[in-house]
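Data block for query01.cif (mmCIF, C-alpha atoms):
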```cif
data_run
loop_
_atom_site.label_atom_id
_atom_site.label_comp_id
_atom_site.auth_asym_id
_atom_site.auth_seq_id
_atom_site.Cartn_x
_atom_site.Cartn_y
_atom_site.Cartn_z
CA MET A 1 -22.41 3.51 1.76
CA LYS A 2 -21.81 3.56 -1.97
CA ASP A 3 -20.35 7.06 -2.08
CA ILE A 4 -17.49 7.61 0.38
CA GLU A 5 -16.00 10.73 -1.22
CA GLY A 6 -15.93 13.56 1.30
CA ARG A 7 -16.86 11.31 4.21
CA VAL A 8 -15.13 11.96 7.52
CA THR A 9 -13.40 8.69 8.33
CA VAL A 10 -11.65 7.63 11.54
CA VAL A 11 -8.90 5.00 11.38
CA THR A 12 -7.15 3.69 14.50
CA GLY A 13 -3.82 1.88 14.30
CA ALA A 14 -2.98 4.17 11.37
CA ALA A 15 0.81 4.30 11.89
CA SER A 16 1.52 1.09 9.97
CA GLY A 17 0.15 -1.99 8.25
CA ILE A 18 -3.51 -2.16 7.27
CA GLY A 19 -4.23 1.12 9.05
CA ARG A 20 -1.68 3.03 6.98
CA ALA A 21 -2.85 1.37 3.77
CA LEU A 22 -6.45 2.30 4.61
CA ALA A 23 -5.46 5.91 5.26
CA VAL A 24 -3.62 6.22 1.95
CA ARG A 25 -6.42 4.56 -0.01
CA LEU A 26 -9.20 6.52 1.69
CA ALA A 27 -7.35 9.78 1.05
CA ALA A 28 -7.11 8.87 -2.61
CA GLU A 29 -10.86 8.15 -2.58
CA GLY A 30 -11.50 11.69 -1.35
CA CYS A 31 -12.23 11.07 2.33
CA ALA A 32 -11.41 13.49 5.12
CA LEU A 33 -9.37 11.59 7.70
CA ALA A 34 -8.84 11.47 11.45
CA LEU A 35 -5.93 9.12 12.06
CA ALA A 36 -4.99 7.70 15.46
CA ASP A 37 -2.07 5.76 16.88
CA LEU A 38 0.41 5.76 19.75
CA ASP A 39 3.38 5.60 17.36
CA GLU A 40 3.84 9.28 16.52
CA ALA A 41 6.74 8.73 14.11
CA GLY A 42 4.77 6.11 12.19
CA LEU A 43 1.69 8.33 12.21
CA ASP A 44 3.70 11.22 10.79
CA GLU A 45 4.85 8.98 7.94
CA THR A 46 1.27 7.92 7.23
CA VAL A 47 0.22 11.58 7.12
CA LYS A 48 2.96 12.24 4.56
CA GLN A 49 1.82 9.33 2.40
CA ALA A 50 -1.88 10.14 2.67
CA GLY A 51 -1.67 13.92 2.68
CA ASN A 52 -1.31 14.66 -1.03
CA PRO A 53 -5.02 14.88 -1.93
CA PRO A 54 -6.47 18.29 -0.95
CA ARG A 55 -8.62 16.91 1.83
CA ARG A 56 -8.54 17.75 5.51
CA LEU A 57 -6.49 15.34 7.60
CA THR A 58 -5.87 15.32 11.34
CA ALA A 59 -3.51 13.09 13.34
CA HIS A 60 -4.11 12.18 16.98
CA ARG A 61 -1.92 10.40 19.52
CA VAL A 62 -4.31 7.88 21.06
CA ASP A 63 -3.95 4.81 23.25
CA VAL A 64 -7.12 2.91 22.35
CA ALA A 65 -6.91 0.99 25.65
CA ASP A 66 -7.44 4.31 27.48
CA ARG A 67 -11.20 4.88 27.68
CA ASP A 68 -11.01 8.57 28.58
CA ARG A 69 -8.51 9.27 25.80
CA VAL A 70 -10.68 7.57 23.17
CA HIS A 71 -13.77 9.55 24.24
CA ALA A 72 -11.72 12.75 24.15
CA PHE A 73 -10.48 11.71 20.68
CA ALA A 74 -14.07 11.41 19.46
CA GLU A 75 -14.79 14.95 20.60
CA GLU A 76 -11.58 16.18 18.93
CA VAL A 77 -12.65 14.64 15.63
CA VAL A 78 -16.09 16.25 15.72
CA GLN A 79 -14.58 19.60 16.67
CA ALA A 80 -12.03 19.40 13.84
CA HIS A 81 -14.23 17.92 11.11
CA GLY A 82 -17.76 18.77 12.16
CA ARG A 83 -19.04 15.19 11.99
CA VAL A 84 -18.07 11.52 11.70
CA ASP A 85 -19.33 9.20 8.93
CA ILE A 86 -17.11 6.11 9.10
CA VAL A 87 -15.16 4.63 12.01
CA ILE A 88 -12.66 1.81 11.47
CA ASN A 89 -11.46 0.30 14.74
CA ASN A 90 -8.33 -1.29 13.33
CA ALA A 91 -5.65 -1.02 16.06
CA GLY A 92 -4.34 -4.43 17.11
CA VAL A 93 -1.33 -6.30 18.53
CA THR A 94 -0.16 -9.91 18.83
CA LEU A 95 1.18 -12.05 21.66
CA ARG A 96 2.94 -15.40 21.22
CA GLU A 97 2.62 -17.30 24.50
CA THR A 98 0.57 -20.08 26.05
CA ILE A 99 -2.43 -19.04 28.11
CA GLU A 100 -0.97 -20.90 31.11
CA ASP A 101 2.35 -19.06 31.03
CA ALA A 102 1.16 -15.60 29.96
CA THR A 103 1.47 -12.94 32.63
CA TYR A 104 -1.51 -10.87 33.67
CA ASP A 105 0.32 -7.84 32.30
CA ASP A 106 0.44 -9.49 28.87
CA ILE A 107 -3.24 -10.45 29.11
CA GLU A 108 -4.31 -6.94 30.08
CA TRP A 109 -2.13 -5.47 27.31
CA ILE A 110 -3.54 -7.53 24.45
CA LEU A 111 -7.16 -7.37 25.61
CA GLY A 112 -6.81 -3.65 26.32
CA ILE A 113 -5.86 -2.89 22.72
CA ASN A 114 -7.56 -5.61 20.69
CA LEU A 115 -10.87 -5.84 22.56
CA TRP A 116 -11.28 -2.78 24.76
CA GLY A 117 -9.93 -0.61 21.94
CA VAL A 118 -12.83 -1.77 19.77
CA ILE A 119 -15.34 -1.32 22.60
CA HIS A 120 -14.03 2.16 23.44
CA GLY A 121 -14.01 3.23 19.79
CA SER A 122 -17.51 1.89 19.18
CA LYS A 123 -19.09 3.50 22.23
CA ALA A 124 -17.25 6.81 21.88
CA PHE A 125 -18.24 7.33 18.25
CA LEU A 126 -21.69 5.73 18.10
CA PRO A 127 -23.58 8.80 19.33
CA HIS A 128 -21.98 10.81 16.50
CA LEU A 129 -22.54 8.12 13.87
CA ARG A 130 -26.23 7.86 14.78
CA GLN A 131 -26.68 11.53 13.91
CA ARG A 132 -25.82 10.86 10.26
CA SER A 133 -28.33 9.80 7.61
CA GLU A 134 -25.97 6.92 6.83
CA ALA A 135 -22.82 5.79 8.62
CA ASN A 136 -20.50 2.81 8.97
CA LEU A 137 -18.82 1.24 11.99
CA VAL A 138 -16.11 -1.24 11.07
CA ASN A 139 -14.39 -3.45 13.65
CA VAL A 140 -11.34 -5.51 12.71
CA SER A 141 -11.27 -9.07 14.04
CA SER A 142 -9.12 -11.77 12.36
CA VAL A 143 -9.28 -15.27 10.95
CA HIS A 144 -8.30 -16.09 14.53
CA GLY A 145 -11.76 -14.89 15.41
CA LEU A 146 -12.99 -17.92 13.44
CA PHE A 147 -10.70 -20.68 14.77
CA THR A 148 -7.98 -21.06 17.38
CA ASN A 149 -4.33 -22.01 17.29
CA ARG A 150 -1.61 -22.87 19.80
CA ASN A 151 0.40 -20.16 21.55
CA VAL A 152 -1.83 -17.40 20.21
CA GLY A 153 -4.74 -18.27 22.48
CA LEU A 154 -5.01 -14.81 23.99
CA TYR A 155 -4.95 -13.21 20.55
CA CYS A 156 -7.73 -15.61 19.55
CA THR A 157 -9.63 -14.71 22.72
CA SER A 158 -9.53 -11.02 21.83
CA LYS A 159 -10.54 -11.57 18.22
CA PHE A 160 -13.39 -14.00 19.00
CA ALA A 161 -14.65 -11.37 21.44
CA VAL A 162 -14.47 -8.64 18.79
CA ARG A 163 -16.44 -10.86 16.45
CA GLY A 164 -19.17 -11.53 19.04
CA PHE A 165 -19.30 -7.90 20.13
CA THR A 166 -19.63 -6.69 16.53
CA MET A 167 -22.28 -9.24 15.57
CA ALA A 168 -24.37 -8.31 18.62
CA LEU A 169 -23.92 -4.61 17.88
CA ALA A 170 -25.06 -5.14 14.28
CA GLN A 171 -28.28 -6.73 15.57
CA GLU A 172 -28.90 -3.85 17.95
CA LEU A 173 -28.31 -1.22 15.26
CA LYS A 174 -30.27 -3.00 12.52
CA ASP A 175 -32.99 -0.34 12.36
CA THR A 176 -30.65 2.65 12.60
CA PRO A 177 -28.63 4.49 9.92
CA VAL A 178 -25.43 2.80 11.17
CA ARG A 179 -24.23 -0.23 9.23
CA VAL A 180 -21.84 -2.48 11.16
CA SER A 181 -19.10 -4.65 9.65
CA CYS A 182 -16.71 -7.21 11.14
CA VAL A 183 -13.45 -7.66 9.24
CA HIS A 184 -11.57 -10.98 9.21
CA PRO A 185 -8.10 -10.53 7.67
CA GLY A 186 -6.05 -13.59 6.87
CA GLY A 187 -2.27 -13.37 6.61
CA ILE A 188 -1.47 -9.77 5.67
CA LYS A 189 2.02 -8.55 4.78
CA THR A 190 2.57 -6.25 7.77
CA ASP A 191 4.93 -6.08 10.74
CA ILE A 192 2.28 -7.20 13.24
CA VAL A 193 4.23 -10.33 14.24
CA ARG A 194 7.57 -8.51 14.35
CA ARG A 195 6.09 -5.68 16.45
CA GLY A 196 4.16 -8.00 18.77
CA ARG A 197 5.19 -9.52 22.08
CA PHE A 198 6.93 -12.85 21.69
CA ARG A 199 7.45 -15.24 24.59
CA LYS A 200 7.47 -18.54 22.71
CA GLY A 201 6.00 -19.98 19.54
CA SER A 202 4.34 -23.35 19.04
CA ASP A 203 7.85 -24.54 18.18
CA PRO A 204 9.84 -23.78 21.38
CA THR A 205 13.12 -23.56 19.45
CA MET A 206 11.87 -20.72 17.22
CA THR A 207 13.05 -17.17 17.86
CA HIS A 208 10.99 -14.03 17.40
CA ASP A 209 12.81 -13.12 14.18
CA GLU A 210 12.34 -16.65 12.83
CA ALA A 211 8.63 -16.54 13.62
CA ALA A 212 8.29 -13.20 11.82
CA GLU A 213 10.20 -14.49 8.80
CA ARG A 214 8.05 -17.62 8.70
CA PHE A 215 4.91 -15.48 8.83
CA ASP A 216 6.17 -13.29 5.99
CA ARG A 217 7.17 -16.26 3.82
CA TYR A 218 4.38 -18.79 4.36
CA ILE A 219 1.37 -17.09 5.94
CA ALA A 220 1.17 -13.49 4.70
CA TRP A 221 -0.55 -14.00 1.34
CA THR A 222 -2.10 -10.56 0.92
CA SER A 223 -0.54 -7.09 0.79
CA ALA A 224 -1.76 -4.37 3.13
CA GLU A 225 -2.76 -2.32 0.09
CA ARG A 226 -4.97 -5.10 -1.26
CA ALA A 227 -6.42 -5.61 2.21
CA ALA A 228 -7.37 -1.92 2.31
CA ARG A 229 -9.08 -2.16 -1.08
CA ILE A 230 -11.10 -5.20 0.05
CA ILE A 231 -12.18 -3.49 3.28
CA ILE A 232 -13.22 -0.30 1.48
CA ARG A 233 -15.16 -2.33 -1.07
CA GLY A 234 -16.92 -4.05 1.82
CA ILE A 235 -17.79 -0.67 3.35
CA ARG A 236 -19.24 0.51 0.04
CA LYS A 237 -21.45 -2.59 -0.03
CA ASP A 238 -22.38 -2.39 3.69
CA LYS A 239 -21.19 -5.98 4.11
CA PRO A 240 -21.64 -7.33 7.64
CA ARG A 241 -18.65 -9.69 7.23
CA ILE A 242 -15.56 -8.74 5.26
CA ARG A 243 -13.11 -11.57 4.64
CA VAL A 244 -9.69 -10.32 3.58
CA GLY A 245 -7.53 -12.58 1.45
CA PRO A 246 -8.07 -15.99 -0.16
CA ASP A 247 -6.88 -17.72 3.00
CA ALA A 248 -9.59 -15.95 5.02
CA VAL A 249 -12.24 -17.29 2.65
CA ILE A 250 -10.82 -20.82 2.84
CA TYR A 251 -10.44 -20.76 6.63
CA ASP A 252 -13.95 -19.38 7.09
CA LEU A 253 -15.54 -22.07 4.94
CA ALA A 254 -13.50 -24.86 6.53
CA SER A 255 -14.24 -23.71 10.08
CA ARG A 256 -17.97 -23.67 9.35
CA LEU A 257 -18.23 -26.86 7.29
CA ALA A 258 -16.04 -29.08 9.47
CA PRO A 259 -15.20 -27.19 12.69
CA ALA A 260 -13.87 -30.14 14.72
CA THR A 261 -11.75 -31.52 11.89
CA TRP A 262 -10.44 -28.05 11.04
CA GLN A 263 -9.39 -27.39 14.64
CA LYS A 264 -7.48 -30.66 14.76
CA LEU A 265 -5.77 -29.89 11.47
CA MET A 266 -4.73 -26.41 12.55
CA SER A 267 -3.37 -27.80 15.82
CA ARG A 268 -1.11 -30.16 13.87
CA LEU A 269 0.01 -27.41 11.49
#
```
How does this structure look as structure tokens?
Amino acid sequence: MKDIEGRVTVVTGAASGIGRALAVRLAAEGCALALADLDEAGLDETVKQAGNPPRRLTAHRVDVADRDRVHAFAEEVVQAHGRVDIVINNAGVTLRETIEDATYDDIEWILGINLWGVIHGSKAFLPHLRQRSEANLVNVSSVHGLFTNRNVGLYCTSKFAVRGFTMALAQELKDTPVRVSCVHPGGIKTDIVRRGRFRKGSDPTMTHDEAAERFDRYIAWTSAERAARIIIRGIRKDKPRIRVGPDAVIYDLASRLAPATWQKLMSRL
């Protein structure tokens, strides 16, 4: 979709991080926006930052893990905007805990948002996207949808599943007007680690604050604003895979060229 000006675009997880940066950038590009999140205060701030261009913008309190709410959200968007052209299923959370010690509540929480949120968003909006002459469905996975790491196994599970779901969906929609993209962000300067659930890191002596500070200092190479620009450029080019950040490119190549060696290296790191 080369021309996105005037397109009605849905962004979930819009209260902070990549979602907020996408909203601000898309507003500047001339898109009409339907923004969703559970964090109403954060969503209000995003609306303030994105609301300057004279384009229609609606904000919706949505728990993406709630199937009925997401389907109702899709109908709200169509009622408010008349159509949907682009859907970005971006909402996501993190959990630091071993698979063995994670509670079922934690497992249901992270899969409900990271995986079921993508499934709900895709299925709720697809009938509307298919009515357009051209449309884009964008699902956000992670570099942890390319390789695994200790104590984030359930996060990896959710993101590998998003990757598989999106790749299969792209095959099924190949001969339709809907172009499907899977996004693999590397380390992005957001509060995702600080806002996530923390039980224990790979270093058992590390606190939640220390883990967040380590992420900010050593892992988060790319700003949320740059991430948004890369994702939007990928949408314009209808790219099936959008790698965000130099680390994402490196990790992707390494995991494909030497998967066993790369897994061992990441386990040590």
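When the PyMOL selection byres ((chain A and resi 185) around 10) is run on the displayed coordinates, the residues it returns are Ile18, Val140, Ser141, Ser142, Val143, His144, Gly145, Cys182, Val183, His184, Gly186, Gly187, Ile188, Thr222, Ala224, Ala227, Ile230, Ile231, Ile242, Arg243, Val244, Gly245, Pro246, Asp247, Ala248 and Val249 of chain A.
For the set A:Ser122, A:Ser16, A:Ser202, A:Thr9, the residue with the smallest atom-to-atom gap to Val162 of chain A is A:Ser122, counting all atoms listed in the file.
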**Report entry** Residues matched by the PyMOL selection byres ((chain A and resi 88) around 12), written as an MDAnalysis selection string
**Finding:** chainID A and resid 8:14 18:20 22:23 26 33:36 84:87 89:92 117:119 121:122 125:126 129 135:141 179:183 228 231:232 235
Suppose we keep C-alpha atoms; can you now write the selection as a short mmCIF file (atom, residue, chain, number, x, y, z; two decimals), keeping the file's coordinate frame?
```
data_model
loop_
_atom_site.label_atom_id
_atom_site.label_comp_id
_atom_site.auth_asym_id
_atom_site.auth_seq_id
_atom_site.Cartn_x
_atom_site.Cartn_y
_atom_site.Cartn_z
CA VAL A 8 -15.13 11.96 7.52
CA THR A 9 -13.40 8.69 8.33
CA VAL A 10 -11.65 7.63 11.54
CA VAL A 11 -8.90 5.00 11.38
CA THR A 12 -7.15 3.69 14.50
CA GLY A 13 -3.82 1.88 14.30
CA ALA A 14 -2.98 4.17 11.37
CA ILE A 18 -3.51 -2.16 7.27
CA GLY A 19 -4.23 1.12 9.05
CA ARG A 20 -1.68 3.03 6.98
CA LEU A 22 -6.45 2.30 4.61
CA ALA A 23 -5.46 5.91 5.26
CA LEU A 26 -9.20 6.52 1.69
CA LEU A 33 -9.37 11.59 7.70
CA ALA A 34 -8.84 11.47 11.45
CA LEU A 35 -5.93 9.12 12.06
CA ALA A 36 -4.99 7.70 15.46
CA VAL A 84 -18.07 11.52 11.70
CA ASP A 85 -19.33 9.20 8.93
CA ILE A 86 -17.11 6.11 9.10
CA VAL A 87 -15.16 4.63 12.01
CA ASN A 89 -11.46 0.30 14.74
CA ASN A 90 -8.33 -1.29 13.33
CA ALA A 91 -5.65 -1.02 16.06
CA GLY A 92 -4.34 -4.43 17.11
CA GLY A 117 -9.93 -0.61 21.94
CA VAL A 118 -12.83 -1.77 19.77
CA ILE A 119 -15.34 -1.32 22.60
CA GLY A 121 -14.01 3.23 19.79
CA SER A 122 -17.51 1.89 19.18
CA PHE A 125 -18.24 7.33 18.25
CA LEU A 126 -21.69 5.73 18.10
CA LEU A 129 -22.54 8.12 13.87
CA ALA A 135 -22.82 5.79 8.62
CA ASN A 136 -20.50 2.81 8.97
CA LEU A 137 -18.82 1.24 11.99
CA VAL A 138 -16.11 -1.24 11.07
CA ASN A 139 -14.39 -3.45 13.65
CA VAL A 140 -11.34 -5.51 12.71
CA SER A 141 -11.27 -9.07 14.04
CA ARG A 179 -24.23 -0.23 9.23
CA VAL A 180 -21.84 -2.48 11.16
CA SER A 181 -19.10 -4.65 9.65
CA CYS A 182 -16.71 -7.21 11.14
CA VAL A 183 -13.45 -7.66 9.24
CA ALA A 228 -7.37 -1.92 2.31
CA ILE A 231 -12.18 -3.49 3.28
CA ILE A 232 -13.22 -0.30 1.48
CA ILE A 235 -17.79 -0.67 3.35
#
```
Show me a table, sorted first by chain and then by increasing residue number, of the residues of segment 162-258 of chain A having an atom at most 10 Å from segment 101-107 of chain A, each with its shortest atom pair and the distance in Å to one decimal, counting all atoms listed in the file and written as JSON lines.
```
{"residue": "A:Arg197", "atom": "CA", "partner": "A:Asp106", "partner_atom": "CA", "distance": 8.3}
{"residue": "A:Arg199", "atom": "CA", "partner": "A:Ala102", "partner_atom": "CA", "distance": 8.3}
{"residue": "A:Lys200", "atom": "CA", "partner": "A:Asp101", "partner_atom": "CA", "distance": 9.8}
```
Requested in this report: Check the smallest atom-to-atom distance from each of A:Gln131, A:Thr207, A:Gln79, A:Thr157 to Ile110 of chain A using only C-alpha atoms, then report the winner.
Outcome: A:Thr157
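Using the PyMOL selection byres ((chain A and resi 64) around 8) on the file at hand returns these residues: Thr12, Asp37, Val62, Asp63, Ala65, Asp66, Arg67, Arg69, Val70, Ala91, Gly112, Ile113, Trp116, Gly117, Val118, His120 and Gly121 of chain A.
Each of A:Met266, A:Ala41, A:Leu146, A:Ala170 was compared to Leu253 of chain A using only C-alpha atoms, and A:Leu146 turns out to be the nearest.
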Query - Pairwise distance for atom CA of Leu57 of chain A and atom CA of Arg194 of chain A, rounded to one decimal in Å - result: 28.5 Å
I need segment 28-58 of chain A written out with N, CA and C atoms, as a short mmCIF file (atom, residue, chain, number, x, y, z; two decimals), in the first residue's frame; please produce it.
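Saved file decode_16.cif follows:
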```cif
data_model
loop_
_atom_site.label_atom_id
_atom_site.label_comp_id
_atom_site.auth_asym_id
_atom_site.auth_seq_id
_atom_site.Cartn_x
_atom_site.Cartn_y
_atom_site.Cartn_z
N ALA A 28 0.63 11.86 11.54
CA ALA A 28 1.41 12.81 10.76
C ALA A 28 1.38 12.47 9.27
N GLU A 29 1.22 11.17 8.96
CA GLU A 29 1.15 10.73 7.56
C GLU A 29 -0.24 10.92 6.97
N GLY A 30 -1.21 11.37 7.80
CA GLY A 30 -2.53 11.66 7.29
C GLY A 30 -3.55 10.55 7.44
N CYS A 31 -3.26 9.55 8.27
CA CYS A 31 -4.20 8.45 8.48
C CYS A 31 -5.30 8.86 9.46
N ALA A 32 -6.48 8.28 9.29
CA ALA A 32 -7.50 8.30 10.33
C ALA A 32 -7.19 7.14 11.26
N LEU A 33 -7.40 7.31 12.56
CA LEU A 33 -6.91 6.33 13.52
C LEU A 33 -8.00 5.83 14.45
N ALA A 34 -7.96 4.52 14.72
CA ALA A 34 -8.74 3.91 15.80
C ALA A 34 -7.74 3.25 16.72
N LEU A 35 -7.58 3.82 17.91
CA LEU A 35 -6.53 3.40 18.84
C LEU A 35 -7.14 2.62 20.00
N ALA A 36 -6.49 1.52 20.37
CA ALA A 36 -7.02 0.66 21.42
C ALA A 36 -5.98 0.33 22.47
N ASP A 37 -6.43 0.26 23.72
CA ASP A 37 -5.58 -0.16 24.82
C ASP A 37 -6.45 -0.29 26.07
N LEU A 38 -5.94 -1.00 27.06
CA LEU A 38 -6.60 -1.05 28.37
C LEU A 38 -6.23 0.13 29.24
N ASP A 39 -5.04 0.69 29.01
CA ASP A 39 -4.51 1.79 29.81
C ASP A 39 -5.14 3.10 29.31
N GLU A 40 -6.21 3.53 29.96
CA GLU A 40 -6.94 4.70 29.49
C GLU A 40 -6.12 5.99 29.62
N ALA A 41 -5.36 6.11 30.72
CA ALA A 41 -4.54 7.31 30.90
C ALA A 41 -3.48 7.40 29.81
N GLY A 42 -2.82 6.27 29.55
CA GLY A 42 -1.81 6.25 28.49
C GLY A 42 -2.42 6.50 27.12
N LEU A 43 -3.60 5.97 26.90
CA LEU A 43 -4.30 6.17 25.62
C LEU A 43 -4.67 7.63 25.43
N ASP A 44 -5.10 8.28 26.51
CA ASP A 44 -5.42 9.71 26.43
C ASP A 44 -4.19 10.53 26.04
N GLU A 45 -3.04 10.15 26.59
CA GLU A 45 -1.81 10.87 26.26
C GLU A 45 -1.44 10.65 24.79
N THR A 46 -1.63 9.44 24.30
CA THR A 46 -1.35 9.17 22.89
C THR A 46 -2.26 10.00 22.00
N VAL A 47 -3.53 10.10 22.37
CA VAL A 47 -4.48 10.91 21.60
C VAL A 47 -4.01 12.36 21.55
N LYS A 48 -3.52 12.88 22.67
CA LYS A 48 -3.02 14.26 22.70
C LYS A 48 -1.84 14.42 21.74
N GLN A 49 -0.93 13.44 21.76
CA GLN A 49 0.27 13.55 20.92
C GLN A 49 -0.05 13.35 19.44
N ALA A 50 -1.04 12.53 19.15
CA ALA A 50 -1.35 12.21 17.75
C ALA A 50 -2.48 13.06 17.18
N GLY A 51 -3.14 13.85 18.03
CA GLY A 51 -4.37 14.49 17.61
C GLY A 51 -4.24 15.82 16.90
N ASN A 52 -3.02 16.32 16.69
CA ASN A 52 -2.87 17.62 16.06
C ASN A 52 -3.31 17.67 14.60
N PRO A 53 -2.92 16.68 13.77
CA PRO A 53 -3.38 16.75 12.38
C PRO A 53 -4.91 16.68 12.31
N PRO A 54 -5.52 17.38 11.36
CA PRO A 54 -6.99 17.42 11.29
C PRO A 54 -7.56 16.15 10.68
N ARG A 55 -7.32 15.05 11.32
CA ARG A 55 -7.85 13.76 10.88
C ARG A 55 -8.69 13.17 11.99
N ARG A 56 -9.65 12.35 11.65
CA ARG A 56 -10.52 11.76 12.65
C ARG A 56 -9.76 10.72 13.45
N LEU A 57 -9.94 10.75 14.76
CA LEU A 57 -9.25 9.82 15.65
C LEU A 57 -10.23 9.36 16.72
N THR A 58 -10.30 8.06 16.93
CA THR A 58 -11.14 7.52 18.00
C THR A 58 -10.29 6.66 18.92
#
```
